[in-house]
Amino acid sequence: MNPRVAEIEPSVIRMIAAKKKSGAIDLGLGEPTLLPQQRFIDAAARWAAEHGVKYTVNAGDPALSELIAAHYGYPGMRGARNVCITTGSQEAVFVAIKTMLDPATDELLVVDPAYPAYAKIAQLEGAPYRHVHLRADEDFRYDVDLIVDAVDRATRMIVIGSPANPTGRVLRDADARRLAERLLARGGKPVWVLQDEIYRELTYVDDPGHIADYYPYTIVANSLSKSNALRGCASAG
Ligand SMILES: Cc1ncc(COP(=O)(O)O)c(C=O)c1O
């Protein structure tokens, strides 16, 4: 067995979820209680009946990628070539960490409190990782200076979940701008930022920050799991 897999601790959230009794109110997994809209399921079934369920090119169906690029409209996401379709955003996060980090030299910086998968993926890949802890006495607000000051010479990627699981905190637009300014001011090899935006459509502030609006070395992951209650469906990274 791969010893790296053996070393990874089981997810506490999953352990608790596995003990759920029928009728319990589940606040553990990030799952909207709404059912998906039937029209999406009908459209997918119609498409499959008419076209079959075929392999696509590796990066995903170019027509879908084009629509995704237009939907998000981030400056660096120009056209289908900057979009990669994965099955759920966890796969997008996995592919981003696997692709962008050389485990021999590059470190991942995880902005905590964070979704546990980021560190586990780094562990699985044998990539070094460190945590930078947002302050509990500041309600875990995104302190951009704290994050950037934690970057060192080996850091090649920062992963930020915003809106955050588990805190619900949202990086604000001014924070995203400042993060970009500070990272660009460092010079040298760029530090990639992976923003997990899976809760993007469940945001209740007027000025949510999208790092991709300001910083060219950004990878954004999102999916339909939360916004449309369609878990396991294709998404964008
Ligand atoms: C922050 C975060 N990222 C990623 C995922 C996984 O998303 P997906 O279902 O799209 O793989 C979850 C699921 O709970 C999550 O909370």
# chains A, B, ... in the order shown; residues from 1 in each chain; ligands from 1

$ residues_around --residues "segment 203-215 of chain A" --least-positions-apart "6" --cutoff "9 Å" --atoms "only C-alpha atoms" --output "JSON, numbers by chain"
{"A": [73, 74, 75, 76, 77, 162, 163, 168, 170, 171, 172, 173, 174, 175, 176, 177, 178, 179, 180, 181, 183, 184, 193, 194, 195, 197]}

$ write_last_selection --atoms "N, CA, C and O atoms" --output "mmCIF file, in the first residue's frame"
data_model
loop_
_atom_site.group_PDB
_atom_site.id
_atom_site.type_symbol
_atom_site.label_atom_id
_atom_site.label_comp_id
_atom_site.auth_asym_id
_atom_site.auth_seq_id
_atom_site.Cartn_x
_atom_site.Cartn_y
_atom_site.Cartn_z
ATOM 1 N N GLY A 73 -15.818 35.403 -16.294
ATOM 2 C CA GLY A 73 -15.299 36.672 -16.819
ATOM 3 C C GLY A 73 -14.055 37.181 -16.113
ATOM 4 O O GLY A 73 -13.749 38.367 -16.168
ATOM 5 N N TYR A 74 -13.310 36.330 -15.429
ATOM 6 C CA TYR A 74 -12.074 36.801 -14.792
ATOM 7 C C TYR A 74 -11.084 37.200 -15.889
ATOM 8 O O TYR A 74 -11.017 36.544 -16.940
ATOM 9 N N PRO A 75 -10.297 38.240 -15.631
ATOM 10 C CA PRO A 75 -9.416 38.753 -16.688
ATOM 11 C C PRO A 75 -8.496 37.681 -17.286
ATOM 12 O O PRO A 75 -8.271 37.657 -18.492
ATOM 13 N N GLY A 76 -7.974 36.768 -16.451
ATOM 14 C CA GLY A 76 -7.041 35.768 -16.970
ATOM 15 C C GLY A 76 -7.723 34.538 -17.548
ATOM 16 O O GLY A 76 -7.062 33.638 -18.059
ATOM 17 N N MET A 77 -9.040 34.494 -17.450
ATOM 18 C CA MET A 77 -9.750 33.283 -17.884
ATOM 19 C C MET A 77 -10.291 33.477 -19.292
ATOM 20 O O MET A 77 -11.462 33.227 -19.565
ATOM 21 N N SER A 162 -12.574 30.815 0.048
ATOM 22 C CA SER A 162 -13.443 31.959 0.362
ATOM 23 C C SER A 162 -14.578 32.022 -0.644
ATOM 24 O O SER A 162 -14.317 32.047 -1.838
ATOM 25 N N PRO A 163 -15.817 32.056 -0.143
ATOM 26 C CA PRO A 163 -16.275 31.950 1.227
ATOM 27 C C PRO A 163 -15.775 30.666 1.883
ATOM 28 O O PRO A 163 -15.721 29.629 1.225
ATOM 29 N N GLY A 168 -17.138 30.358 7.305
ATOM 30 C CA GLY A 168 -18.105 31.222 6.630
ATOM 31 C C GLY A 168 -17.547 32.610 6.321
ATOM 32 O O GLY A 168 -18.241 33.443 5.757
ATOM 33 N N VAL A 170 -15.677 35.633 4.498
ATOM 34 C CA VAL A 170 -15.537 35.963 3.078
ATOM 35 C C VAL A 170 -14.384 36.949 2.916
ATOM 36 O O VAL A 170 -14.336 37.965 3.608
ATOM 37 N N LEU A 171 -13.476 36.612 2.022
ATOM 38 C CA LEU A 171 -12.421 37.563 1.657
ATOM 39 C C LEU A 171 -13.104 38.723 0.944
ATOM 40 O O LEU A 171 -13.917 38.496 0.045
ATOM 41 N N ARG A 172 -12.783 39.953 1.356
ATOM 42 C CA ARG A 172 -13.447 41.109 0.747
ATOM 43 C C ARG A 172 -12.663 41.579 -0.484
ATOM 44 O O ARG A 172 -11.483 41.277 -0.641
ATOM 45 N N ASP A 173 -13.353 42.362 -1.305
ATOM 46 C CA ASP A 173 -12.732 42.852 -2.537
ATOM 47 C C ASP A 173 -11.424 43.604 -2.243
ATOM 48 O O ASP A 173 -10.406 43.372 -2.902
ATOM 49 N N ALA A 174 -11.435 44.443 -1.213
ATOM 50 C CA ALA A 174 -10.215 45.208 -0.889
ATOM 51 C C ALA A 174 -9.084 44.269 -0.464
ATOM 52 O O ALA A 174 -7.912 44.522 -0.748
ATOM 53 N N ASP A 175 -9.452 43.163 0.223
ATOM 54 C CA ASP A 175 -8.438 42.180 0.636
ATOM 55 C C ASP A 175 -7.829 41.502 -0.596
ATOM 56 O O ASP A 175 -6.620 41.266 -0.660
ATOM 57 N N ALA A 176 -8.687 41.150 -1.550
ATOM 58 C CA ALA A 176 -8.205 40.467 -2.756
ATOM 59 C C ALA A 176 -7.230 41.370 -3.506
ATOM 60 O O ALA A 176 -6.162 40.939 -3.956
ATOM 61 N N ARG A 177 -7.590 42.645 -3.584
ATOM 62 C CA ARG A 177 -6.735 43.618 -4.283
ATOM 63 C C ARG A 177 -5.388 43.751 -3.567
ATOM 64 O O ARG A 177 -4.333 43.731 -4.180
ATOM 65 N N ARG A 178 -5.466 43.840 -2.246
ATOM 66 C CA ARG A 178 -4.227 44.027 -1.472
ATOM 67 C C ARG A 178 -3.350 42.778 -1.532
ATOM 68 O O ARG A 178 -2.125 42.860 -1.638
ATOM 69 N N LEU A 179 -3.992 41.619 -1.484
ATOM 70 C CA LEU A 179 -3.225 40.358 -1.583
ATOM 71 C C LEU A 179 -2.461 40.337 -2.906
ATOM 72 O O LEU A 179 -1.261 40.023 -2.952
ATOM 73 N N ALA A 180 -3.148 40.708 -3.984
ATOM 74 C CA ALA A 180 -2.509 40.735 -5.299
ATOM 75 C C ALA A 180 -1.346 41.723 -5.307
ATOM 76 O O ALA A 180 -0.242 41.410 -5.775
ATOM 77 N N GLU A 181 -1.593 42.915 -4.760
ATOM 78 C CA GLU A 181 -0.537 43.948 -4.766
ATOM 79 C C GLU A 181 0.693 43.464 -4.005
ATOM 80 O O GLU A 181 1.814 43.599 -4.466
ATOM 81 N N LEU A 183 1.607 40.355 -3.281
ATOM 82 C CA LEU A 183 2.298 39.219 -3.917
ATOM 83 C C LEU A 183 3.057 39.675 -5.159
ATOM 84 O O LEU A 183 4.178 39.221 -5.416
ATOM 85 N N LEU A 184 2.473 40.589 -5.913
ATOM 86 C CA LEU A 184 3.167 41.084 -7.116
ATOM 87 C C LEU A 184 4.407 41.890 -6.729
ATOM 88 O O LEU A 184 5.429 41.830 -7.411
ATOM 89 N N VAL A 193 -1.968 31.413 -6.343
ATOM 90 C CA VAL A 193 -3.031 31.395 -5.332
ATOM 91 C C VAL A 193 -4.155 30.535 -5.875
ATOM 92 O O VAL A 193 -4.623 30.736 -7.004
ATOM 93 N N LEU A 194 -4.534 29.560 -5.077
ATOM 94 C CA LEU A 194 -5.679 28.717 -5.431
ATOM 95 C C LEU A 194 -6.844 29.179 -4.570
ATOM 96 O O LEU A 194 -6.798 29.054 -3.347
ATOM 97 N N GLN A 195 -7.843 29.791 -5.195
ATOM 98 C CA GLN A 195 -9.028 30.200 -4.429
ATOM 99 C C GLN A 195 -10.132 29.181 -4.661
ATOM 100 O O GLN A 195 -10.620 29.008 -5.782
ATOM 101 N N GLU A 197 -13.626 28.537 -4.537
ATOM 102 C CA GLU A 197 -14.809 29.411 -4.508
ATOM 103 C C GLU A 197 -16.100 28.614 -4.530
ATOM 104 O O GLU A 197 -17.108 29.093 -5.053
#

$ residues_near_ligand --ligand "ligand 1" --cutoff "7 Å" --atoms "only C-alpha atoms and all ligand atoms" --output "ChimeraX atom specification"
/A:29-31,87-91,115,161,164-165,196,198,222-225,231-232

$ atom_distance --atom1 "atom CA of Ala122 of chain A" --atom2 "atom CA of Cys233 of chain A"
23.7 Å

$ atom_distance --atom1 "atom CA of Thr105 of chain A" --atom2 "atom CA of Thr155 of chain A"
8.8 Å

$ atom_distance --atom1 "atom CA of Ala6 of chain A" --atom2 "atom CA of Met100 of chain A"
24.0 Å

$ closest_atom_pairs --of "segment 47-119 of chain A" --to "segment 140-143 of chain A" --cutoff "12 Å" --atoms "only C-alpha atoms" --output "CSV"
residue,atom,partner,partner_atom,distance
A:Val111,CA,A:Tyr142,CA,8.8
A:Asp112,CA,A:Phe140,CA,8.5
A:Pro113,CA,A:Phe140,CA,7.8
A:Ala114,CA,A:Phe140,CA,10.7

$ write_last_selection --atoms "N, CA and C atoms" --output "compact mmCIF listing (two decimals), in the first residue's frame"
# COMPACT_ATOMS: atom_id res chain seq x y z
N VAL A 111 -4.24 28.43 4.26
CA VAL A 111 -4.79 29.46 5.14
C VAL A 111 -5.88 28.82 5.99
N ASP A 112 -5.61 28.71 7.28
CA ASP A 112 -6.48 28.01 8.23
C ASP A 112 -7.37 28.97 9.00
N PRO A 113 -8.52 28.58 9.48
CA PRO A 113 -9.14 27.27 9.39
C PRO A 113 -9.54 26.95 7.94
N ALA A 114 -9.27 25.73 7.52
CA ALA A 114 -9.47 25.38 6.12
C ALA A 114 -10.17 24.04 5.98

$ select_by_dssp --residues "segment 90-173 of chain A" --states "strand (DSSP E)" --output "ChimeraX atom specification"
/A:107-112,129-133,155-161

$ residues_around --residues "Arg78 of chain A" --least-positions-apart "3" --cutoff "12 Å" --atoms "only C-alpha atoms" --output "PyMOL selection string"
chain A and resi 65-75+81-83+212+216

$ write_last_selection --atoms "C-alpha atoms" --output "PDB file, in the first residue's frame"
ATOM      1  CA  SER A  65     -15.319  25.602 -21.179  1.00  0.00           C
ATOM      2  CA  GLU A  66     -16.107  28.617 -23.371  1.00  0.00           C
ATOM      3  CA  LEU A  67     -19.403  29.160 -21.537  1.00  0.00           C
ATOM      4  CA  ILE A  68     -17.674  28.828 -18.154  1.00  0.00           C
ATOM      5  CA  ALA A  69     -14.990  31.352 -19.133  1.00  0.00           C
ATOM      6  CA  ALA A  70     -17.686  33.814 -20.240  1.00  0.00           C
ATOM      7  CA  HIS A  71     -19.737  33.214 -17.066  1.00  0.00           C
ATOM      8  CA  TYR A  72     -16.896  34.017 -14.659  1.00  0.00           C
ATOM      9  CA  GLY A  73     -15.299  36.672 -16.819  1.00  0.00           C
ATOM     10  CA  TYR A  74     -12.074  36.801 -14.792  1.00  0.00           C
ATOM     11  CA  PRO A  75      -9.416  38.753 -16.688  1.00  0.00           C
ATOM     12  CA  ARG A  81      -8.011  27.272 -23.045  1.00  0.00           C
ATOM     13  CA  ASN A  82      -7.890  28.631 -19.501  1.00  0.00           C
ATOM     14  CA  VAL A  83     -10.630  26.327 -18.208  1.00  0.00           C
ATOM     15  CA  ALA A 212      -8.541  36.296  -9.995  1.00  0.00           C
ATOM     16  CA  PRO A 216      -2.793  36.771 -12.813  1.00  0.00           C
TER      17      PRO A 216
END

$ residues_around --residues "Ile16 of chain A" --least-positions-apart "3" --cutoff "12 Å" --atoms "only C-alpha atoms" --output "VMD selection string"
chain A and resid 10 to 13 19 to 21 24 26 to 29

$ write_last_selection --atoms "N, CA and C atoms" --output "compact mmCIF listing (two decimals), in the first residue's frame"
# COMPACT_ATOMS: atom_id res chain seq x y z
N PRO A 10 -8.09 9.85 8.89
CA PRO A 10 -9.44 9.95 8.34
C PRO A 10 -10.06 11.31 8.68
N SER A 11 -10.96 11.77 7.82
CA SER A 11 -11.59 13.08 8.05
C SER A 11 -12.55 12.98 9.23
N VAL A 12 -12.38 13.91 10.19
CA VAL A 12 -13.25 13.92 11.37
C VAL A 12 -14.70 14.19 10.94
N ILE A 13 -14.86 15.10 9.96
CA ILE A 13 -16.23 15.43 9.50
C ILE A 13 -16.90 14.17 8.97
N LYS A 19 -21.77 8.46 11.48
CA LYS A 19 -22.52 8.04 12.68
C LYS A 19 -23.92 8.63 12.70
N LYS A 20 -24.26 9.38 11.65
CA LYS A 20 -25.54 10.09 11.65
C LYS A 20 -26.72 9.12 11.77
N LYS A 21 -27.66 9.46 12.65
CA LYS A 21 -28.86 8.62 12.78
C LYS A 21 -29.97 9.24 11.93
N ALA A 24 -31.56 12.97 12.14
CA ALA A 24 -30.64 13.96 12.71
C ALA A 24 -30.50 15.14 11.74
N ASP A 26 -28.20 17.49 9.95
CA ASP A 26 -26.79 17.37 9.58
C ASP A 26 -26.21 18.76 9.27
N LEU A 27 -25.41 19.27 10.19
CA LEU A 27 -24.74 20.55 9.93
C LEU A 27 -23.27 20.31 9.61
N GLY A 28 -22.92 19.06 9.36
CA GLY A 28 -21.52 18.70 9.18
C GLY A 28 -21.04 18.88 7.76
N LEU A 29 -21.63 18.16 6.83
CA LEU A 29 -21.19 18.27 5.44
C LEU A 29 -21.84 19.51 4.83

$ select_by_dssp --residues "segment 42-219 of chain A" --states "helix (DSSP H, G or I)" --output "PyMOL selection string"
chain A and resi 42-51+62-72+80-82+89-100+117-125+136-138+144-149+173-186+211-213

$ write_last_selection --atoms "C-alpha atoms" --output "PDB file, in the first residue's frame"
ATOM      1  CA  ASP A  42     -34.032  16.514 -17.593  1.00  0.00           C
ATOM      2  CA  ALA A  43     -31.665  18.499 -19.832  1.00  0.00           C
ATOM      3  CA  ALA A  44     -28.750  16.205 -18.952  1.00  0.00           C
ATOM      4  CA  ALA A  45     -30.863  13.100 -19.601  1.00  0.00           C
ATOM      5  CA  ARG A  46     -32.062  14.519 -22.952  1.00  0.00           C
ATOM      6  CA  TRP A  47     -28.489  15.321 -23.982  1.00  0.00           C
ATOM      7  CA  ALA A  48     -27.296  11.836 -23.062  1.00  0.00           C
ATOM      8  CA  ALA A  49     -30.181  10.212 -24.944  1.00  0.00           C
ATOM      9  CA  GLU A  50     -29.474  12.280 -28.078  1.00  0.00           C
ATOM     10  CA  HIS A  51     -25.664  12.324 -28.057  1.00  0.00           C
ATOM     11  CA  PRO A  62     -14.520  23.112 -25.326  1.00  0.00           C
ATOM     12  CA  ALA A  63     -18.043  24.518 -25.786  1.00  0.00           C
ATOM     13  CA  LEU A  64     -18.715  24.102 -22.055  1.00  0.00           C
ATOM     14  CA  SER A  65     -15.319  25.602 -21.179  1.00  0.00           C
ATOM     15  CA  GLU A  66     -16.107  28.617 -23.371  1.00  0.00           C
ATOM     16  CA  LEU A  67     -19.403  29.160 -21.537  1.00  0.00           C
ATOM     17  CA  ILE A  68     -17.674  28.828 -18.154  1.00  0.00           C
ATOM     18  CA  ALA A  69     -14.990  31.352 -19.133  1.00  0.00           C
ATOM     19  CA  ALA A  70     -17.686  33.814 -20.240  1.00  0.00           C
ATOM     20  CA  HIS A  71     -19.737  33.214 -17.066  1.00  0.00           C
ATOM     21  CA  TYR A  72     -16.896  34.017 -14.659  1.00  0.00           C
ATOM     22  CA  ALA A  80     -11.781  27.801 -23.192  1.00  0.00           C
ATOM     23  CA  ARG A  81      -8.011  27.272 -23.045  1.00  0.00           C
ATOM     24  CA  ASN A  82      -7.890  28.631 -19.501  1.00  0.00           C
ATOM     25  CA  SER A  89     -14.148  20.950  -7.294  1.00  0.00           C
ATOM     26  CA  GLN A  90     -12.199  18.604  -5.070  1.00  0.00           C
ATOM     27  CA  GLU A  91     -10.730  17.085  -8.213  1.00  0.00           C
ATOM     28  CA  ALA A  92      -9.953  20.595  -9.460  1.00  0.00           C
ATOM     29  CA  VAL A  93      -8.085  21.346  -6.228  1.00  0.00           C
ATOM     30  CA  PHE A  94      -6.262  18.040  -6.508  1.00  0.00           C
ATOM     31  CA  VAL A  95      -5.232  18.646 -10.114  1.00  0.00           C
ATOM     32  CA  ALA A  96      -4.079  22.199  -9.313  1.00  0.00           C
ATOM     33  CA  ILE A  97      -1.903  21.109  -6.391  1.00  0.00           C
ATOM     34  CA  LYS A  98      -0.552  18.100  -8.265  1.00  0.00           C
ATOM     35  CA  THR A  99       0.256  20.112 -11.372  1.00  0.00           C
ATOM     36  CA  MET A 100       1.643  23.326  -9.970  1.00  0.00           C
ATOM     37  CA  ALA A 117      -8.699  18.205   1.921  1.00  0.00           C
ATOM     38  CA  TYR A 118      -6.072  20.803   0.950  1.00  0.00           C
ATOM     39  CA  ALA A 119      -3.464  19.547   3.407  1.00  0.00           C
ATOM     40  CA  LYS A 120      -4.423  15.924   2.803  1.00  0.00           C
ATOM     41  CA  ILE A 121      -3.905  16.328  -0.948  1.00  0.00           C
ATOM     42  CA  ALA A 122      -0.463  17.849  -0.342  1.00  0.00           C
ATOM     43  CA  GLN A 123       0.319  14.950   2.001  1.00  0.00           C
ATOM     44  CA  LEU A 124      -0.801  12.450  -0.641  1.00  0.00           C
ATOM     45  CA  GLU A 125       1.403  14.131  -3.217  1.00  0.00           C
ATOM     46  CA  ALA A 136      -9.731  33.423  16.416  1.00  0.00           C
ATOM     47  CA  ASP A 137      -9.879  36.680  18.411  1.00  0.00           C
ATOM     48  CA  GLU A 138     -10.468  38.483  15.080  1.00  0.00           C
ATOM     49  CA  VAL A 144      -3.737  39.678   4.156  1.00  0.00           C
ATOM     50  CA  ASP A 145      -0.519  40.816   5.836  1.00  0.00           C
ATOM     51  CA  LEU A 146      -0.503  37.778   8.102  1.00  0.00           C
ATOM     52  CA  ILE A 147      -0.907  35.545   5.042  1.00  0.00           C
ATOM     53  CA  VAL A 148       1.724  37.213   2.858  1.00  0.00           C
ATOM     54  CA  ASP A 149       4.197  37.482   5.741  1.00  0.00           C
ATOM     55  CA  ASP A 173     -12.732  42.852  -2.537  1.00  0.00           C
ATOM     56  CA  ALA A 174     -10.215  45.208  -0.889  1.00  0.00           C
ATOM     57  CA  ASP A 175      -8.438  42.180   0.636  1.00  0.00           C
ATOM     58  CA  ALA A 176      -8.205  40.467  -2.756  1.00  0.00           C
ATOM     59  CA  ARG A 177      -6.735  43.618  -4.283  1.00  0.00           C
ATOM     60  CA  ARG A 178      -4.227  44.027  -1.472  1.00  0.00           C
ATOM     61  CA  LEU A 179      -3.225  40.358  -1.583  1.00  0.00           C
ATOM     62  CA  ALA A 180      -2.509  40.735  -5.299  1.00  0.00           C
ATOM     63  CA  GLU A 181      -0.537  43.948  -4.766  1.00  0.00           C
ATOM     64  CA  ARG A 182       1.598  42.449  -2.026  1.00  0.00           C
ATOM     65  CA  LEU A 183       2.298  39.219  -3.917  1.00  0.00           C
ATOM     66  CA  LEU A 184       3.167  41.084  -7.116  1.00  0.00           C
ATOM     67  CA  ALA A 185       5.456  43.411  -5.151  1.00  0.00           C
ATOM     68  CA  ARG A 186       7.511  40.424  -3.941  1.00  0.00           C
ATOM     69  CA  ILE A 211      -8.423  37.152  -6.291  1.00  0.00           C
ATOM     70  CA  ALA A 212      -8.541  36.296  -9.995  1.00  0.00           C
ATOM     71  CA  ASP A 213      -9.860  39.817 -10.633  1.00  0.00           C
TER      72      ASP A 213
END

$ residues_around --residues "Pro32 of chain A" --least-positions-apart "4" --cutoff "9 Å" --atoms "only C-alpha atoms" --output "count of residues only"
5

$ closest_residue --among "A:Asp139, A:Lys189, A:Ala150, A:Arg156" --to "Ala127 of chain A" --atoms "only C-alpha atoms"
A:Arg156

$ closest_residue --among "A:Leu34, A:Ile160, A:Ala59, A:Ile219" --to "Pro116 of chain A" --atoms "only C-alpha atoms"
A:Ile160

$ decode --residues "segment 23-33 of chain A" --atoms "all heavy atoms" --output "PDB file, in the first residue's frame"
ATOM      1  N   GLY A  23     -33.070  11.111  10.793  1.00  0.00           N
ATOM      2  CA  GLY A  23     -33.792  12.197  11.453  1.00  0.00           C
ATOM      3  C   GLY A  23     -32.874  13.246  12.055  1.00  0.00           C
ATOM      4  O   GLY A  23     -33.327  14.324  12.438  1.00  0.00           O
ATOM      5  N   ALA A  24     -31.565  12.974  12.139  1.00  0.00           N
ATOM      6  CA  ALA A  24     -30.640  13.963  12.707  1.00  0.00           C
ATOM      7  C   ALA A  24     -30.499  15.141  11.742  1.00  0.00           C
ATOM      8  O   ALA A  24     -30.588  14.971  10.526  1.00  0.00           O
ATOM      9  CB  ALA A  24     -29.273  13.321  12.936  1.00  0.00           C
ATOM     10  N   ILE A  25     -30.315  16.320  12.310  1.00  0.00           N
ATOM     11  CA  ILE A  25     -30.075  17.506  11.469  1.00  0.00           C
ATOM     12  C   ILE A  25     -28.575  17.561  11.212  1.00  0.00           C
ATOM     13  O   ILE A  25     -27.782  17.637  12.137  1.00  0.00           O
ATOM     14  CB  ILE A  25     -30.563  18.788  12.165  1.00  0.00           C
ATOM     15  CG1 ILE A  25     -32.074  18.699  12.373  1.00  0.00           C
ATOM     16  CG2 ILE A  25     -30.189  20.024  11.351  1.00  0.00           C
ATOM     17  CD1 ILE A  25     -32.633  19.785  13.262  1.00  0.00           C
ATOM     18  N   ASP A  26     -28.204  17.491   9.949  1.00  0.00           N
ATOM     19  CA  ASP A  26     -26.790  17.374   9.585  1.00  0.00           C
ATOM     20  C   ASP A  26     -26.212  18.756   9.272  1.00  0.00           C
ATOM     21  O   ASP A  26     -26.507  19.336   8.238  1.00  0.00           O
ATOM     22  CB  ASP A  26     -26.678  16.455   8.360  1.00  0.00           C
ATOM     23  CG  ASP A  26     -25.232  16.216   7.960  1.00  0.00           C
ATOM     24  OD1 ASP A  26     -24.332  16.821   8.576  1.00  0.00           O
ATOM     25  OD2 ASP A  26     -25.010  15.425   7.031  1.00  0.00           O
ATOM     26  N   LEU A  27     -25.414  19.272  10.189  1.00  0.00           N
ATOM     27  CA  LEU A  27     -24.745  20.554   9.931  1.00  0.00           C
ATOM     28  C   LEU A  27     -23.266  20.308   9.610  1.00  0.00           C
ATOM     29  O   LEU A  27     -22.458  21.212   9.601  1.00  0.00           O
ATOM     30  CB  LEU A  27     -24.870  21.469  11.157  1.00  0.00           C
ATOM     31  CG  LEU A  27     -26.293  21.807  11.597  1.00  0.00           C
ATOM     32  CD1 LEU A  27     -26.277  22.642  12.865  1.00  0.00           C
ATOM     33  CD2 LEU A  27     -27.041  22.553  10.505  1.00  0.00           C
ATOM     34  N   GLY A  28     -22.921  19.063   9.355  1.00  0.00           N
ATOM     35  CA  GLY A  28     -21.521  18.704   9.180  1.00  0.00           C
ATOM     36  C   GLY A  28     -21.035  18.884   7.760  1.00  0.00           C
ATOM     37  O   GLY A  28     -20.141  19.683   7.493  1.00  0.00           O
ATOM     38  N   LEU A  29     -21.626  18.160   6.833  1.00  0.00           N
ATOM     39  CA  LEU A  29     -21.186  18.272   5.442  1.00  0.00           C
ATOM     40  C   LEU A  29     -21.838  19.508   4.827  1.00  0.00           C
ATOM     41  O   LEU A  29     -22.989  19.816   5.132  1.00  0.00           O
ATOM     42  CB  LEU A  29     -21.594  17.023   4.654  1.00  0.00           C
ATOM     43  CG  LEU A  29     -21.022  15.694   5.162  1.00  0.00           C
ATOM     44  CD1 LEU A  29     -21.478  14.542   4.272  1.00  0.00           C
ATOM     45  CD2 LEU A  29     -19.507  15.728   5.220  1.00  0.00           C
ATOM     46  N   GLY A  30     -21.110  20.186   3.972  1.00  0.00           N
ATOM     47  CA  GLY A  30     -21.643  21.392   3.337  1.00  0.00           C
ATOM     48  C   GLY A  30     -22.622  21.027   2.241  1.00  0.00           C
ATOM     49  O   GLY A  30     -22.280  21.065   1.066  1.00  0.00           O
ATOM     50  N   GLU A  31     -23.844  20.681   2.664  1.00  0.00           N
ATOM     51  CA  GLU A  31     -24.814  20.249   1.660  1.00  0.00           C
ATOM     52  C   GLU A  31     -26.090  21.064   1.762  1.00  0.00           C
ATOM     53  O   GLU A  31     -26.769  21.021   2.798  1.00  0.00           O
ATOM     54  CB  GLU A  31     -25.184  18.776   1.884  1.00  0.00           C
ATOM     55  CG  GLU A  31     -24.105  17.829   1.512  1.00  0.00           C
ATOM     56  CD  GLU A  31     -24.659  16.464   1.161  1.00  0.00           C
ATOM     57  OE1 GLU A  31     -25.015  15.727   2.065  1.00  0.00           O
ATOM     58  OE2 GLU A  31     -24.719  16.160  -0.039  1.00  0.00           O
ATOM     59  N   PRO A  32     -26.441  21.764   0.685  1.00  0.00           N
ATOM     60  CA  PRO A  32     -27.736  22.452   0.710  1.00  0.00           C
ATOM     61  C   PRO A  32     -28.846  21.419   0.864  1.00  0.00           C
ATOM     62  O   PRO A  32     -28.746  20.313   0.320  1.00  0.00           O
ATOM     63  CB  PRO A  32     -27.815  23.107  -0.674  1.00  0.00           C
ATOM     64  CG  PRO A  32     -26.463  23.020  -1.268  1.00  0.00           C
ATOM     65  CD  PRO A  32     -25.746  21.906  -0.587  1.00  0.00           C
ATOM     66  N   THR A  33     -29.886  21.775   1.617  1.00  0.00           N
ATOM     67  CA  THR A  33     -30.977  20.804   1.786  1.00  0.00           C
ATOM     68  C   THR A  33     -31.910  20.785   0.571  1.00  0.00           C
ATOM     69  O   THR A  33     -32.685  19.865   0.400  1.00  0.00           O
ATOM     70  CB  THR A  33     -31.809  21.141   3.040  1.00  0.00           C
ATOM     71  OG1 THR A  33     -32.105  22.533   2.999  1.00  0.00           O
ATOM     72  CG2 THR A  33     -31.053  20.815   4.310  1.00  0.00           C
TER      73      THR A  33
END
